[in-house]
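Structure data follow from target-v1.cif (mmCIF, N, CA and C atoms):
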data_start
#
loop_
_atom_site.label_atom_id
_atom_site.label_comp_id
_atom_site.auth_asym_id
_atom_site.auth_seq_id
_atom_site.Cartn_x
_atom_site.Cartn_y
_atom_site.Cartn_z
N MET A 86 61.00 111.71 119.94
CA MET A 86 62.13 111.59 120.84
C MET A 86 62.10 110.21 121.48
N ASN A 87 63.23 109.57 121.56
CA ASN A 87 63.36 108.24 122.14
C ASN A 87 63.26 108.34 123.65
N THR A 88 62.39 107.53 124.26
CA THR A 88 62.23 107.58 125.71
C THR A 88 63.34 106.86 126.44
N ASN A 89 64.21 106.14 125.73
CA ASN A 89 65.33 105.46 126.36
C ASN A 89 66.49 106.40 126.65
N VAL A 90 66.45 107.61 126.12
CA VAL A 90 67.53 108.57 126.29
C VAL A 90 67.19 109.45 127.48
N ASN A 91 68.14 109.63 128.39
CA ASN A 91 67.92 110.48 129.56
C ASN A 91 68.10 111.94 129.17
N HIS A 92 67.15 112.75 129.57
CA HIS A 92 67.20 114.18 129.33
C HIS A 92 67.02 114.87 130.67
N THR A 93 67.59 116.04 130.79
CA THR A 93 67.37 116.86 131.97
C THR A 93 67.15 118.29 131.51
N ARG A 94 66.34 119.02 132.24
CA ARG A 94 66.02 120.40 131.87
C ARG A 94 66.55 121.32 132.96
N ILE A 95 67.36 122.29 132.55
CA ILE A 95 67.90 123.28 133.47
C ILE A 95 67.61 124.65 132.88
N ASN A 96 66.89 125.47 133.64
CA ASN A 96 66.54 126.82 133.18
C ASN A 96 65.93 126.79 131.78
N SER A 97 64.99 125.92 131.57
CA SER A 97 64.24 125.75 130.32
C SER A 97 65.10 125.29 129.13
N VAL A 98 66.33 124.86 129.39
CA VAL A 98 67.18 124.30 128.35
C VAL A 98 67.27 122.79 128.58
N GLU A 99 66.99 122.02 127.51
CA GLU A 99 67.04 120.57 127.64
C GLU A 99 68.42 120.05 127.27
N TYR A 100 68.99 119.22 128.15
CA TYR A 100 70.29 118.62 127.94
C TYR A 100 70.13 117.11 127.83
N VAL A 101 70.96 116.49 127.01
CA VAL A 101 70.98 115.05 126.88
C VAL A 101 72.07 114.51 127.80
N ILE A 102 71.75 113.46 128.53
CA ILE A 102 72.73 112.83 129.41
C ILE A 102 73.32 111.64 128.66
N VAL A 103 74.62 111.70 128.41
CA VAL A 103 75.32 110.65 127.68
C VAL A 103 75.75 109.57 128.67
N ASP A 104 75.38 108.32 128.38
CA ASP A 104 75.68 107.20 129.26
C ASP A 104 76.77 106.33 128.63
N PRO A 105 78.00 106.36 129.19
CA PRO A 105 79.09 105.57 128.62
C PRO A 105 78.81 104.07 128.55
N VAL A 106 78.07 103.54 129.52
CA VAL A 106 77.77 102.11 129.52
C VAL A 106 76.87 101.76 128.34
N LYS A 107 75.86 102.59 128.09
CA LYS A 107 74.96 102.33 126.95
C LYS A 107 75.69 102.48 125.62
N ILE A 108 76.59 103.45 125.54
CA ILE A 108 77.40 103.60 124.32
C ILE A 108 78.22 102.34 124.11
N GLY A 109 78.84 101.85 125.16
CA GLY A 109 79.63 100.63 125.07
C GLY A 109 78.81 99.43 124.64
N GLN A 110 77.59 99.33 125.16
CA GLN A 110 76.71 98.24 124.77
C GLN A 110 76.35 98.33 123.28
N ARG A 111 76.09 99.56 122.82
CA ARG A 111 75.78 99.75 121.39
C ARG A 111 76.98 99.41 120.51
N ILE A 112 78.17 99.80 120.94
CA ILE A 112 79.38 99.47 120.17
C ILE A 112 79.52 97.95 120.08
N GLN A 113 79.33 97.28 121.20
CA GLN A 113 79.45 95.82 121.20
C GLN A 113 78.39 95.17 120.31
N THR A 114 77.16 95.63 120.40
CA THR A 114 76.08 95.08 119.58
C THR A 114 76.35 95.31 118.10
N LEU A 115 76.73 96.54 117.74
CA LEU A 115 77.00 96.86 116.33
C LEU A 115 78.22 96.10 115.81
N ARG A 116 79.20 95.91 116.66
CA ARG A 116 80.39 95.13 116.27
C ARG A 116 79.98 93.72 115.89
N LYS A 117 79.15 93.11 116.73
CA LYS A 117 78.70 91.75 116.46
C LYS A 117 77.80 91.68 115.22
N GLU A 118 76.90 92.64 115.08
CA GLU A 118 76.01 92.67 113.92
C GLU A 118 76.79 92.81 112.61
N ASN A 119 77.93 93.48 112.68
CA ASN A 119 78.77 93.70 111.50
C ASN A 119 79.87 92.65 111.37
N HIS A 120 79.79 91.61 112.21
CA HIS A 120 80.73 90.49 112.16
C HIS A 120 82.19 90.95 112.23
N MET A 121 82.45 91.86 113.18
CA MET A 121 83.79 92.40 113.34
C MET A 121 84.39 91.93 114.66
N ARG A 122 85.69 91.74 114.65
CA ARG A 122 86.42 91.46 115.88
C ARG A 122 86.90 92.78 116.47
N VAL A 123 87.19 92.77 117.75
CA VAL A 123 87.72 93.97 118.40
C VAL A 123 89.01 94.41 117.69
N THR A 124 89.84 93.46 117.31
CA THR A 124 91.09 93.81 116.63
C THR A 124 90.82 94.43 115.25
N ASP A 125 89.73 94.03 114.59
CA ASP A 125 89.37 94.66 113.31
C ASP A 125 89.11 96.15 113.52
N ILE A 126 88.37 96.47 114.57
CA ILE A 126 88.05 97.87 114.86
C ILE A 126 89.31 98.64 115.21
N SER A 127 90.12 98.11 116.10
CA SER A 127 91.33 98.83 116.52
C SER A 127 92.27 99.06 115.35
N GLU A 128 92.39 98.08 114.46
CA GLU A 128 93.26 98.24 113.29
C GLU A 128 92.71 99.29 112.33
N GLN A 129 91.40 99.27 112.08
CA GLN A 129 90.81 100.25 111.17
C GLN A 129 90.89 101.67 111.71
N LEU A 130 90.90 101.80 113.04
CA LEU A 130 91.03 103.13 113.65
C LEU A 130 92.48 103.56 113.83
N GLY A 131 93.41 102.64 113.55
CA GLY A 131 94.82 102.97 113.70
C GLY A 131 95.28 102.99 115.15
N LEU A 132 94.59 102.26 116.00
CA LEU A 132 94.98 102.19 117.41
C LEU A 132 96.13 101.21 117.57
N THR A 133 96.91 101.36 118.62
CA THR A 133 98.08 100.49 118.82
C THR A 133 97.69 99.11 119.33
N GLY A 134 96.49 98.97 119.85
CA GLY A 134 96.01 97.68 120.35
C GLY A 134 94.53 97.76 120.62
N PRO A 135 93.94 96.66 121.08
CA PRO A 135 92.49 96.62 121.29
C PRO A 135 92.01 97.17 122.64
N GLN A 136 92.94 97.58 123.50
CA GLN A 136 92.56 97.98 124.86
C GLN A 136 91.52 99.10 124.88
N ALA A 137 91.67 100.10 124.03
CA ALA A 137 90.72 101.22 124.01
C ALA A 137 89.32 100.73 123.65
N VAL A 138 89.23 99.84 122.67
CA VAL A 138 87.92 99.32 122.25
C VAL A 138 87.28 98.55 123.39
N TYR A 139 88.05 97.76 124.12
CA TYR A 139 87.51 97.03 125.28
C TYR A 139 87.02 98.01 126.35
N LYS A 140 87.75 99.11 126.57
CA LYS A 140 87.33 100.11 127.55
C LYS A 140 86.01 100.76 127.12
N TRP A 141 85.88 101.04 125.82
CA TRP A 141 84.62 101.63 125.32
C TRP A 141 83.47 100.66 125.55
N MET A 142 83.67 99.39 125.20
CA MET A 142 82.59 98.41 125.31
C MET A 142 82.20 98.14 126.76
N SER A 143 83.13 98.32 127.68
CA SER A 143 82.82 98.10 129.10
C SER A 143 82.21 99.35 129.75
N GLY A 144 82.22 100.47 129.03
CA GLY A 144 81.66 101.70 129.57
C GLY A 144 82.61 102.48 130.45
N LYS A 145 83.89 102.09 130.47
CA LYS A 145 84.88 102.79 131.29
C LYS A 145 85.19 104.17 130.73
N CYS A 146 85.07 104.31 129.42
CA CYS A 146 85.27 105.61 128.77
C CYS A 146 84.56 105.58 127.43
N ILE A 147 84.49 106.72 126.77
CA ILE A 147 83.86 106.79 125.45
C ILE A 147 84.90 107.22 124.42
N PRO A 148 84.68 106.85 123.16
CA PRO A 148 85.63 107.23 122.11
C PRO A 148 85.69 108.74 121.92
N GLU A 149 86.85 109.23 121.52
CA GLU A 149 86.98 110.63 121.13
C GLU A 149 86.12 110.85 119.89
N MET A 150 85.78 112.10 119.61
CA MET A 150 84.85 112.41 118.51
C MET A 150 85.32 111.86 117.17
N GLY A 151 86.60 111.96 116.85
CA GLY A 151 87.10 111.43 115.59
C GLY A 151 86.87 109.93 115.47
N ASN A 152 87.12 109.22 116.56
CA ASN A 152 86.88 107.78 116.57
C ASN A 152 85.39 107.47 116.52
N MET A 153 84.58 108.30 117.16
CA MET A 153 83.13 108.11 117.13
C MET A 153 82.61 108.23 115.69
N ILE A 154 83.13 109.20 114.96
CA ILE A 154 82.73 109.37 113.56
C ILE A 154 83.14 108.16 112.74
N MET A 155 84.37 107.69 112.93
CA MET A 155 84.84 106.52 112.19
C MET A 155 84.04 105.27 112.56
N LEU A 156 83.70 105.10 113.82
CA LEU A 156 82.89 103.96 114.24
C LEU A 156 81.52 104.00 113.58
N SER A 157 80.91 105.18 113.55
CA SER A 157 79.59 105.28 112.92
C SER A 157 79.67 104.92 111.44
N ARG A 158 80.74 105.28 110.78
CA ARG A 158 80.91 104.90 109.37
C ARG A 158 81.13 103.41 109.22
N MET A 159 81.94 102.82 110.09
CA MET A 159 82.19 101.37 110.05
C MET A 159 80.91 100.59 110.24
N PHE A 160 80.04 101.10 111.14
CA PHE A 160 78.82 100.39 111.49
C PHE A 160 77.61 100.84 110.65
N HIS A 161 77.83 101.73 109.69
CA HIS A 161 76.77 102.20 108.79
C HIS A 161 75.61 102.82 109.58
N THR A 162 75.96 103.70 110.50
CA THR A 162 74.96 104.38 111.32
C THR A 162 75.39 105.83 111.50
N THR A 163 74.71 106.54 112.35
CA THR A 163 75.07 107.93 112.63
C THR A 163 75.72 108.03 114.01
N VAL A 164 76.41 109.11 114.25
CA VAL A 164 76.99 109.35 115.58
C VAL A 164 75.87 109.45 116.60
N GLU A 165 74.78 110.10 116.23
CA GLU A 165 73.65 110.24 117.16
C GLU A 165 73.09 108.87 117.54
N GLU A 166 72.95 107.99 116.57
CA GLU A 166 72.47 106.63 116.86
C GLU A 166 73.45 105.90 117.77
N LEU A 167 74.73 106.07 117.51
CA LEU A 167 75.76 105.42 118.32
C LEU A 167 75.77 105.94 119.76
N VAL A 168 75.64 107.24 119.91
CA VAL A 168 75.73 107.87 121.24
C VAL A 168 74.41 107.77 122.01
N LEU A 169 73.31 108.07 121.32
CA LEU A 169 72.02 108.17 122.01
C LEU A 169 71.10 106.97 121.81
N GLY A 170 71.37 106.18 120.78
CA GLY A 170 70.51 105.05 120.51
C GLY A 170 69.22 105.44 119.81
N GLU A 171 69.20 106.63 119.21
CA GLU A 171 68.01 107.06 118.50
C GLU A 171 68.37 107.54 117.10
N SER A 172 67.47 107.30 116.17
CA SER A 172 67.69 107.71 114.79
C SER A 172 67.38 109.18 114.62
N VAL A 173 68.03 109.78 113.62
CA VAL A 173 67.74 111.16 113.28
C VAL A 173 66.41 111.18 112.54
N SER A 174 65.49 112.03 112.97
CA SER A 174 64.17 112.09 112.34
C SER A 174 64.19 112.98 111.13
#
What is this file in structure tokens?
Amino acid sequence: MNTNVNHTRINSVEYVIVDPVKIGQRIQTLRKENHMRVTDISEQLGLTGPQAVYKWMSGKCIPEMGNMIMLSRMFHTTVEELVLGESVS
């Protein structure tokens, strides 16, 4: 288990705490690693403009699940890696 991921335990059930800022940072890092512009991402996702991608990267909100899946495919990673920053074991 990755120690960078926040977990909390309630009544012996472990929950993962999703951090929108960290997701945004990962999106920005993966975008740069894949030599993509924000407009490239918004066009491939069929968005009307780049505003949503900028909001994701700033941590103001997170992508909907369908967009999260498409982002993981664009960046050649998994949704879990994108959301939590950890690889599937």
Name the residues that the PyMOL selection byres (((chain A and resi 126-134 and name CA) around 10) and name CA) pulls out of this structure, and write them as a CSV table (one decimal) with N, CA and C atoms, in the frame of the given file.
chain,number,residue,atom,x,y,z
A,116,ARG,N,79.2,95.9,116.7
A,116,ARG,CA,80.4,95.1,116.3
A,116,ARG,C,80.0,93.7,115.9
A,121,MET,N,82.4,91.9,113.2
A,121,MET,CA,83.8,92.4,113.3
A,121,MET,C,84.4,91.9,114.7
A,122,ARG,N,85.7,91.7,114.6
A,122,ARG,CA,86.4,91.5,115.9
A,122,ARG,C,86.9,92.8,116.5
A,123,VAL,N,87.2,92.8,117.8
A,123,VAL,CA,87.7,94.0,118.4
A,123,VAL,C,89.0,94.4,117.7
A,124,THR,N,89.8,93.5,117.3
A,124,THR,CA,91.1,93.8,116.6
A,124,THR,C,90.8,94.4,115.2
A,125,ASP,N,89.7,94.0,114.6
A,125,ASP,CA,89.4,94.7,113.3
A,125,ASP,C,89.1,96.2,113.5
A,135,PRO,N,93.9,96.7,121.1
A,135,PRO,CA,92.5,96.6,121.3
A,135,PRO,C,92.0,97.2,122.6
A,136,GLN,N,92.9,97.6,123.5
A,136,GLN,CA,92.6,98.0,124.9
A,136,GLN,C,91.5,99.1,124.9
A,137,ALA,N,91.7,100.1,124.0
A,137,ALA,CA,90.7,101.2,124.0
A,137,ALA,C,89.3,100.7,123.6
A,138,VAL,N,89.2,99.8,122.7
A,138,VAL,CA,87.9,99.3,122.2
A,138,VAL,C,87.3,98.6,123.4
A,139,TYR,N,88.0,97.8,124.1
A,139,TYR,CA,87.5,97.0,125.3
A,139,TYR,C,87.0,98.0,126.4
A,151,GLY,N,86.6,112.0,116.8
A,151,GLY,CA,87.1,111.4,115.6
A,151,GLY,C,86.9,109.9,115.5
A,152,ASN,N,87.1,109.2,116.6
A,152,ASN,CA,86.9,107.8,116.6
A,152,ASN,C,85.4,107.5,116.5
A,153,MET,N,84.6,108.3,117.2
A,153,MET,CA,83.1,108.1,117.1
A,153,MET,C,82.6,108.2,115.7
A,155,MET,N,84.4,107.7,112.9
A,155,MET,CA,84.8,106.5,112.2
A,155,MET,C,84.0,105.3,112.6
A,156,LEU,N,83.7,105.1,113.8
A,156,LEU,CA,82.9,104.0,114.2
A,156,LEU,C,81.5,104.0,113.6
A,159,MET,N,81.9,102.8,110.1
A,159,MET,CA,82.2,101.4,110.0
A,159,MET,C,80.9,100.6,110.2
*Pick out each residue of segment 95-173 of chain A that DSSP on the backbone tags as helix (DSSP H, G or I); I need them as a PyMOL selection string.*
chain A and resi 105-118+123-130+136-143+150-159+164-169
Contact residues around Gly144 of chain A with all atoms listed in the file at 7 Å, ignoring same-chain residues under 2 positions, as a PDB file with N, CA and C atoms, in the frame of the given file:
ATOM      1  N   ASP A 104      75.380 108.320 128.380  1.00  0.00           N
ATOM      2  CA  ASP A 104      75.680 107.200 129.260  1.00  0.00           C
ATOM      3  C   ASP A 104      76.770 106.330 128.630  1.00  0.00           C
ATOM      4  N   PRO A 105      78.000 106.360 129.190  1.00  0.00           N
ATOM      5  CA  PRO A 105      79.090 105.570 128.620  1.00  0.00           C
ATOM      6  C   PRO A 105      78.810 104.070 128.550  1.00  0.00           C
ATOM      7  N   VAL A 106      78.070 103.540 129.520  1.00  0.00           N
ATOM      8  CA  VAL A 106      77.770 102.110 129.520  1.00  0.00           C
ATOM      9  C   VAL A 106      76.870 101.760 128.340  1.00  0.00           C
ATOM     10  N   LYS A 107      75.860 102.590 128.090  1.00  0.00           N
ATOM     11  CA  LYS A 107      74.960 102.330 126.950  1.00  0.00           C
ATOM     12  C   LYS A 107      75.690 102.480 125.620  1.00  0.00           C
ATOM     13  N   ILE A 108      76.590 103.450 125.540  1.00  0.00           N
ATOM     14  CA  ILE A 108      77.400 103.600 124.320  1.00  0.00           C
ATOM     15  C   ILE A 108      78.220 102.340 124.110  1.00  0.00           C
ATOM     16  N   GLY A 109      78.840 101.850 125.160  1.00  0.00           N
ATOM     17  CA  GLY A 109      79.630 100.630 125.070  1.00  0.00           C
ATOM     18  C   GLY A 109      78.810  99.430 124.640  1.00  0.00           C
ATOM     19  N   GLN A 110      77.590  99.330 125.160  1.00  0.00           N
ATOM     20  CA  GLN A 110      76.710  98.240 124.770  1.00  0.00           C
ATOM     21  C   GLN A 110      76.350  98.330 123.280  1.00  0.00           C
ATOM     22  N   TYR A 139      88.050  97.760 124.120  1.00  0.00           N
ATOM     23  CA  TYR A 139      87.510  97.030 125.280  1.00  0.00           C
ATOM     24  C   TYR A 139      87.020  98.010 126.350  1.00  0.00           C
ATOM     25  N   LYS A 140      87.750  99.110 126.570  1.00  0.00           N
ATOM     26  CA  LYS A 140      87.330 100.110 127.550  1.00  0.00           C
ATOM     27  C   LYS A 140      86.010 100.760 127.120  1.00  0.00           C
ATOM     28  N   TRP A 141      85.880 101.040 125.820  1.00  0.00           N
ATOM     29  CA  TRP A 141      84.620 101.630 125.320  1.00  0.00           C
ATOM     30  C   TRP A 141      83.470 100.660 125.550  1.00  0.00           C
ATOM     31  N   MET A 142      83.670  99.390 125.200  1.00  0.00           N
ATOM     32  CA  MET A 142      82.590  98.410 125.310  1.00  0.00           C
ATOM     33  C   MET A 142      82.200  98.140 126.760  1.00  0.00           C
ATOM     34  N   CYS A 146      85.070 104.310 129.420  1.00  0.00           N
ATOM     35  CA  CYS A 146      85.270 105.610 128.770  1.00  0.00           C
ATOM     36  C   CYS A 146      84.560 105.580 127.430  1.00  0.00           C
ATOM     37  N   ILE A 147      84.490 106.720 126.770  1.00  0.00           N
ATOM     38  CA  ILE A 147      83.860 106.790 125.450  1.00  0.00           C
ATOM     39  C   ILE A 147      84.900 107.220 124.420  1.00  0.00           C
TER      40      ILE A 147
END
*asked:* Taking the DSSP secondary structure from the backbone, can you list the residues of segment 94-168 of chain A that are strand (DSSP E or B), as a list in words?
replied: Arg94, Ile95, Val98, Glu99, Tyr100, Val101 and Ile102 of chain A
*Figure out the distance between atom CA of Gln113 of chain A and atom CA of Thr163 of chain A, please, to one decimal in Å.*
15.5 Å
